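Below: final-v6.pdb (PDB, C-alpha atoms)
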ATOM      1  CA  MET A   1       0.000   0.000   0.000
ATOM      2  CA  HIS A   2       1.263   3.484  -0.889
ATOM      3  CA  VAL A   3       0.110   6.595   0.994
ATOM      4  CA  LYS A   4       0.847  10.269   0.491
ATOM      5  CA  ILE A   5       0.703  12.254   3.728
ATOM      6  CA  VAL A   6       0.899  16.049   3.711
ATOM      7  CA  LEU A   7       2.532  17.538   6.813
ATOM      8  CA  ILE A   8       1.469  21.172   7.189
ATOM      9  CA  GLY A   9       1.108  23.879   9.802
ATOM     10  CA  PRO A  10       2.473  27.213  10.986
ATOM     11  CA  THR A  11       6.113  28.174  10.476
ATOM     12  CA  GLU A  12       8.493  27.012  13.201
ATOM     13  CA  SER A  13       6.070  24.406  14.534
ATOM     14  CA  GLY A  14       8.457  21.452  14.181
ATOM     15  CA  LYS A  15       7.230  19.832  10.944
ATOM     16  CA  THR A  16      10.717  19.113   9.599
ATOM     17  CA  VAL A  17      11.969  17.725  12.915
ATOM     18  CA  LEU A  18       8.962  15.385  13.019
ATOM     19  CA  ALA A  19       9.343  14.418   9.347
ATOM     20  CA  ASN A  20      13.022  13.591   9.846
ATOM     21  CA  PHE A  21      12.245  11.577  12.968
ATOM     22  CA  LEU A  22       9.332   9.622  11.445
ATOM     23  CA  SER A  23      11.327   8.789   8.317
ATOM     24  CA  ASP A  24      14.408   7.813  10.377
ATOM     25  CA  ILE A  25      16.558  10.433   8.646
ATOM     26  CA  SER A  26      17.813  11.856  11.909
ATOM     27  CA  GLU A  27      18.014  10.860  15.532
ATOM     28  CA  ASN A  28      18.900  14.472  16.346
ATOM     29  CA  VAL A  29      15.654  16.194  17.382
ATOM     30  CA  GLY A  30      17.151  19.570  18.246
ATOM     31  CA  GLY A  31      19.243  21.986  16.291
ATOM     32  CA  GLU A  32      19.080  25.315  14.567
ATOM     33  CA  TYR A  33      15.877  26.345  12.779
ATOM     34  CA  LYS A  34      16.054  26.316   8.981
ATOM     35  CA  PRO A  35      12.751  27.040   7.185
ATOM     36  CA  THR A  36      11.645  24.583   4.519
ATOM     37  CA  GLY A  37      11.654  26.126   1.050
ATOM     38  CA  GLY A  38       8.358  24.981  -0.444
ATOM     39  CA  VAL A  39       8.292  21.249   0.185
ATOM     40  CA  ARG A  40      10.546  18.280   0.982
ATOM     41  CA  ILE A  41       9.342  14.824   0.010
ATOM     42  CA  LEU A  42      10.552  11.953   2.179
ATOM     43  CA  GLU A  43       9.907   8.322   1.274
ATOM     44  CA  PHE A  44      10.091   5.448   3.727
ATOM     45  CA  GLU A  45       8.375   2.237   4.766
ATOM     46  CA  CYS A  46       6.737   1.616   8.089
ATOM     47  CA  PRO A  47       4.656  -1.169   9.605
ATOM     48  CA  LEU A  48       0.896  -0.718   9.715
ATOM     49  CA  GLU A  49      -0.718  -1.142  13.094
ATOM     50  CA  GLY A  50      -4.137  -2.568  13.728
ATOM     51  CA  GLY A  51      -4.687  -4.112  10.317
ATOM     52  CA  SER A  52      -5.679  -7.727   9.765
ATOM     53  CA  ASP A  53      -2.355  -8.317   8.042
ATOM     54  CA  ASN A  54       0.838  -6.861   9.449
ATOM     55  CA  ARG A  55       2.340  -5.445   6.288
ATOM     56  CA  ASP A  56       4.513  -2.470   5.570
ATOM     57  CA  CYS A  57       3.190   0.723   4.097
ATOM     58  CA  LYS A  58       5.143   2.857   1.628
ATOM     59  CA  VAL A  59       4.882   6.433   2.862
ATOM     60  CA  GLU A  60       5.471   9.570   0.852
ATOM     61  CA  LEU A  61       5.657  12.302   3.497
ATOM     62  CA  TRP A  62       5.375  15.831   2.122
ATOM     63  CA  ASP A  63       7.025  18.190   4.613
ATOM     64  CA  CYS A  64       5.413  21.460   3.483
ATOM     65  CA  SER A  65       6.543  24.970   4.329
ATOM     66  CA  GLY A  66       4.248  26.922   6.617
ATOM     67  CA  ASP A  67       5.076  30.139   4.776
ATOM     68  CA  PHE A  68       2.049  31.610   2.998
ATOM     69  CA  LYS A  69       4.259  32.744   0.113
ATOM     70  CA  PHE A  70       4.009  29.120  -1.089
ATOM     71  CA  GLU A  71       0.194  29.146  -1.082
ATOM     72  CA  SER A  72       0.047  28.838  -4.897
ATOM     73  CA  TYR A  73       1.668  25.383  -4.553
ATOM     74  CA  TRP A  74      -0.892  24.037  -2.082
ATOM     75  CA  PRO A  75      -3.183  22.464  -4.714
ATOM     76  CA  THR A  76      -0.150  20.500  -5.951
ATOM     77  CA  PHE A  77       0.644  19.374  -2.399
ATOM     78  CA  MET A  78      -2.896  18.000  -2.076
ATOM     79  CA  LYS A  79      -3.040  16.152  -5.426
ATOM     80  CA  ASP A  80      -3.558  12.422  -4.731
ATOM     81  CA  CYS A  81      -3.214  13.064  -1.003
ATOM     82  CA  SER A  82      -4.170  10.211   1.356
ATOM     83  CA  GLY A  83      -4.061  12.190   4.588
ATOM     84  CA  VAL A  84      -3.159  15.466   6.257
ATOM     85  CA  VAL A  85      -1.222  16.020   9.463
ATOM     86  CA  ILE A  86      -1.376  19.514  10.960
ATOM     87  CA  VAL A  87       1.583  20.255  13.229
ATOM     88  CA  PHE A  88       1.553  23.178  15.644
ATOM     89  CA  ASN A  89       3.450  24.356  18.688
ATOM     90  CA  PRO A  90       0.999  24.632  21.620
ATOM     91  CA  ASP A  91       3.426  27.054  23.342
ATOM     92  CA  VAL A  92       2.756  29.656  20.620
ATOM     93  CA  PRO A  93      -0.737  31.158  21.129
ATOM     94  CA  SER A  94      -1.056  32.295  17.490
ATOM     95  CA  HIS A  95      -0.630  28.680  16.322
ATOM     96  CA  LEU A  96      -3.936  27.645  17.923
ATOM     97  CA  LYS A  97      -5.745  30.234  15.784
ATOM     98  CA  GLU A  98      -3.619  29.604  12.680
ATOM     99  CA  ILE A  99      -4.381  25.874  12.562
ATOM    100  CA  GLU A 100      -8.013  26.785  11.886
ATOM    101  CA  THR A 101      -6.800  28.305   8.599
ATOM    102  CA  TRP A 102      -4.791  25.166   7.790
ATOM    103  CA  HIS A 103      -7.877  23.083   8.521
ATOM    104  CA  SER A 104     -10.085  25.057   6.155
ATOM    105  CA  MET A 105      -7.497  25.155   3.346
ATOM    106  CA  PHE A 106      -6.325  21.547   3.485
ATOM    107  CA  ILE A 107      -9.024  19.435   5.149
ATOM    108  CA  SER A 108     -12.417  21.107   4.589
ATOM    109  CA  THR A 109     -11.864  21.990   0.944
ATOM    110  CA  HIS A 110     -10.699  18.453   0.134
ATOM    111  CA  ASN A 111     -13.465  16.667   2.066
ATOM    112  CA  LEU A 112     -11.092  14.433   3.987
ATOM    113  CA  GLN A 113     -12.599  12.018   6.493
ATOM    114  CA  LYS A 114     -11.850  12.365  10.189
ATOM    115  CA  ASN A 115      -9.566   9.295  10.173
ATOM    116  CA  GLN A 116      -7.469  10.784   7.329
ATOM    117  CA  CYS A 117      -6.526  13.749   9.539
ATOM    118  CA  LEU A 118      -4.269  14.114  12.532
ATOM    119  CA  LEU A 119      -3.204  17.016  14.730
ATOM    120  CA  ILE A 120       0.214  16.980  16.372
ATOM    121  CA  ALA A 121       0.904  19.385  19.236
ATOM    122  CA  HIS A 122       4.676  19.438  18.979
ATOM    123  CA  ASN A 123       6.680  20.732  21.929
ATOM    124  CA  LYS A 124      10.150  21.810  20.925
ATOM    125  CA  VAL A 125      13.092  20.112  22.572
ATOM    126  CA  GLY A 126      14.101  21.888  25.758
ATOM    127  CA  SER A 127      10.919  23.954  25.955
ATOM    128  CA  GLY A 128       9.946  22.479  29.323
ATOM    129  CA  ALA A 129       6.368  23.302  28.395
ATOM    130  CA  GLU A 130       3.334  22.095  30.260
ATOM    131  CA  ARG A 131       1.839  18.955  28.751
ATOM    132  CA  GLY A 132      -1.684  19.770  29.914
ATOM    133  CA  HIS A 133      -5.007  20.001  28.102
ATOM    134  CA  ILE A 134      -5.055  21.797  24.753
ATOM    135  CA  SER A 135      -8.293  23.579  23.973
ATOM    136  CA  LEU A 136      -9.074  23.481  20.248
ATOM    137  CA  ALA A 137     -11.848  25.268  18.410
ATOM    138  CA  SER A 138     -14.547  23.339  16.605
ATOM    139  CA  PRO A 139     -14.242  21.488  14.194
ATOM    140  CA  LEU A 140     -10.594  20.802  15.121
ATOM    141  CA  ASN A 141     -11.598  19.278  18.461
ATOM    142  CA  ARG A 142     -13.096  16.250  16.669
ATOM    143  CA  PHE A 143      -9.774  15.158  15.156
ATOM    144  CA  PRO A 144      -7.267  12.853  16.813
ATOM    145  CA  LEU A 145      -4.524  14.772  18.639
ATOM    146  CA  ILE A 146      -1.025  13.553  19.482
ATOM    147  CA  LYS A 147       1.121  15.436  21.965
ATOM    148  CA  SER A 148       4.613  15.108  20.544
ATOM    149  CA  ASN A 149       7.578  15.092  22.853
ATOM    150  CA  LEU A 150      10.586  13.692  21.013
ATOM    151  CA  GLU A 151      12.830  14.349  24.000
ATOM    152  CA  ASP A 152      11.012  12.131  26.513
ATOM    153  CA  GLU A 153       8.705   9.826  24.542
ATOM    154  CA  PRO A 154       9.879   9.516  20.923
ATOM    155  CA  GLU A 155       8.590   5.979  20.358
ATOM    156  CA  ASP A 156       5.109   6.962  21.594
ATOM    157  CA  VAL A 157       5.000   9.534  18.789
ATOM    158  CA  ARG A 158       6.129   6.954  16.205
ATOM    159  CA  LYS A 159       3.561   4.382  17.387
ATOM    160  CA  ALA A 160       0.752   6.964  17.312
ATOM    161  CA  PHE A 161       1.764   7.995  13.770
ATOM    162  CA  ASN A 162       1.812   4.343  12.652
ATOM    163  CA  ARG A 163      -1.706   3.854  14.110
ATOM    164  CA  TYR A 164      -2.813   6.928  12.157
ATOM    165  CA  LEU A 165      -1.330   5.456   8.948
ATOM    166  CA  GLY A 166      -3.325   2.278   9.568
ATOM    167  CA  LYS A 167      -6.526   4.352   9.729
ATOM    168  CA  VAL A 168      -5.594   6.206   6.533
ATOM    169  CA  VAL A 169      -5.050   2.906   4.701
ATOM    170  CA  GLU A 170      -8.374   1.624   6.068
ATOM    171  CA  ALA A 171     -10.151   4.773   4.789
ATOM    172  CA  MET A 172      -8.495   4.341   1.384
ATOM    173  CA  SER A 173      -9.621   0.695   1.202
ATOM    174  CA  GLU A 174     -13.205   1.626   2.165
ATOM    175  CA  SER A 175     -13.361   4.362  -0.479
ATOM    176  CA  ARG A 176     -12.287   1.861  -3.177
ATOM    177  CA  GLU A 177     -15.034  -0.612  -2.269
TER     178      GLU A 177
END
What does this structure look like when you write it as C-alpha cells?
Amino acid sequence: MHVKIVLIGPTESGKTVLANFLSDISENVGGEYKPTGGVRILEFECPLEGGSDNRDCKVELWDCSGDFKFESYWPTFMKDCSGVVIVFNPDVPSHLKEIETWHSMFISTHNLQKNQCLLIAHNKVGSGAERGHISLASPLNRFPLIKSNLEDEPEDVRKAFNRYLGKVVEAMSESRE
C-alpha cells in the first residue's frame, strides 16, 4: 500500500523535525531552525498497526513549508493526497488560531474524512512546556490529537503515527469498495 501524507502547519512548529524523525533520517531532534523552502518529500516504509495483516506501508511524506508565500503550490501538495497532518506548537498562542486556517485550506476543501486527519501538538526540545489540556476550536476538536515530545517519549510519537497510517489505509480501502 502506498500513501501520500501532507505535513502542514504554521512556520516554526516542528514539521521538519517530526518528518526527519518519522522517516528515520535523523536521531537528532534539536538543532538550529532552517525554514523549509516549499516542500521536501521523504519516502520510507513503516509497519501498519491494527490491520488484519501486518504489512509495511510505503509512505510519501510531504514536509510542506508553513510560509504563505508558497500558497500557490498548495493544490499540488494535495493532489492524490491520502491524509493530512497539521503540526503546531501549543506554546505559541497564534498557532492555535492559525491551525483553523490550515484546517479550512487543506481538510475542509478536500473533504477528507476524520480518520485521514491528525493534529500533532509538537513541543520543541528543551521547551519544558506544560503537557496539559489543549483547547481546540470546533471542528478541530473532533480530530485525533497527538502530543509530541521527542525528548522524553519519541517511540510513543512513532507508534501513534503508525496507528494513524493504519486508519488512513483503512479509509483508502473503504473508499475503493
**OP:** Could you state which residues are captured by the PyMOL selection byres ((chain A and resi 100) around 10) in this file, as an NGL selection string?
**Re:** :A and (9 or 86 or 95-99 or 101-105 or 136-140)
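With only C-alpha atoms taken into account, the protein and nucleic acid residues at most 12 Å from Lys159 in chain A (excluding it and anything under 5 positions from it in its own chain) are Leu22, Cys46, Pro47, Leu48, Glu49, Gly50, Ile146, Ser148, Glu153, Pro154, Tyr164, Leu165 and Gly166 of chain A.
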With C-alpha atoms retained, write the just-selected residues as a compact mmCIF listing (two decimals), in the frame of the given file.
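Now in part02.txt:
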# COMPACT_ATOMS: atom_id res chain seq x y z
CA LEU A 22 9.33 9.62 11.44
CA CYS A 46 6.74 1.62 8.09
CA PRO A 47 4.66 -1.17 9.60
CA LEU A 48 0.90 -0.72 9.72
CA GLU A 49 -0.72 -1.14 13.09
CA GLY A 50 -4.14 -2.57 13.73
CA ILE A 146 -1.02 13.55 19.48
CA SER A 148 4.61 15.11 20.54
CA GLU A 153 8.70 9.83 24.54
CA PRO A 154 9.88 9.52 20.92
CA TYR A 164 -2.81 6.93 12.16
CA LEU A 165 -1.33 5.46 8.95
CA GLY A 166 -3.32 2.28 9.57
**OP:** Counting all atoms listed in the file, write as a ChimeraX atom specification all protein and nucleic acid residues lying at most 9 Å from (9.4, 16.3, 9.3) in the file's frame.
**Re:** /A:7,14-23,40,42,61-64
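The coordinates place CA of Val59 in chain A at 5.6 Å from CA of Glu43 in chain A.
Of the listed residues (A:Asp80, A:Asp67, A:Glu170, A:Glu151), A:Glu170 comes nearest to Gln116 in chain A; the distances count all atoms listed in the file.
Nearest to Arg163 in chain A of all the residues A:Asp91, A:Arg176, A:Lys69, A:Asn115 is A:Asn115, counting only C-alpha atoms.
From CA of Val84 in chain A back to CA of Leu118 in chain A, the distance works out to 6.5 Å.
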Original post:
Residues picked by the PyMOL selection byres ((chain A and resi 134) around 12) here, as a ChimeraX atom specification?
Top reply: /A:88-93,95-96,119-122,130-133,135-137,140-141,145-147
Just to be explicit: take each residue in the selection above, keep C-alpha atoms, and write the result as a PDB file, in the frame of the given file.
ATOM      1  CA  PHE A  88       1.553  23.178  15.644  1.00  0.00           C
ATOM      2  CA  ASN A  89       3.450  24.356  18.688  1.00  0.00           C
ATOM      3  CA  PRO A  90       0.999  24.632  21.620  1.00  0.00           C
ATOM      4  CA  ASP A  91       3.426  27.054  23.342  1.00  0.00           C
ATOM      5  CA  VAL A  92       2.756  29.656  20.620  1.00  0.00           C
ATOM      6  CA  PRO A  93      -0.737  31.158  21.129  1.00  0.00           C
ATOM      7  CA  HIS A  95      -0.630  28.680  16.322  1.00  0.00           C
ATOM      8  CA  LEU A  96      -3.936  27.645  17.923  1.00  0.00           C
ATOM      9  CA  LEU A 119      -3.204  17.016  14.730  1.00  0.00           C
ATOM     10  CA  ILE A 120       0.214  16.980  16.372  1.00  0.00           C
ATOM     11  CA  ALA A 121       0.904  19.385  19.236  1.00  0.00           C
ATOM     12  CA  HIS A 122       4.676  19.438  18.979  1.00  0.00           C
ATOM     13  CA  GLU A 130       3.334  22.095  30.260  1.00  0.00           C
ATOM     14  CA  ARG A 131       1.839  18.955  28.751  1.00  0.00           C
ATOM     15  CA  GLY A 132      -1.684  19.770  29.914  1.00  0.00           C
ATOM     16  CA  HIS A 133      -5.007  20.001  28.102  1.00  0.00           C
ATOM     17  CA  SER A 135      -8.293  23.579  23.973  1.00  0.00           C
ATOM     18  CA  LEU A 136      -9.074  23.481  20.248  1.00  0.00           C
ATOM     19  CA  ALA A 137     -11.848  25.268  18.410  1.00  0.00           C
ATOM     20  CA  LEU A 140     -10.594  20.802  15.121  1.00  0.00           C
ATOM     21  CA  ASN A 141     -11.598  19.278  18.461  1.00  0.00           C
ATOM     22  CA  LEU A 145      -4.524  14.772  18.639  1.00  0.00           C
ATOM     23  CA  ILE A 146      -1.025  13.553  19.482  1.00  0.00           C
ATOM     24  CA  LYS A 147       1.121  15.436  21.965  1.00  0.00           C
TER      25      LYS A 147
END
Subject >> Separation of CA of Gly38 in chain A from CA of Phe70 in chain A, in Å and rounded to one decimal >> reply: 6.0 Å
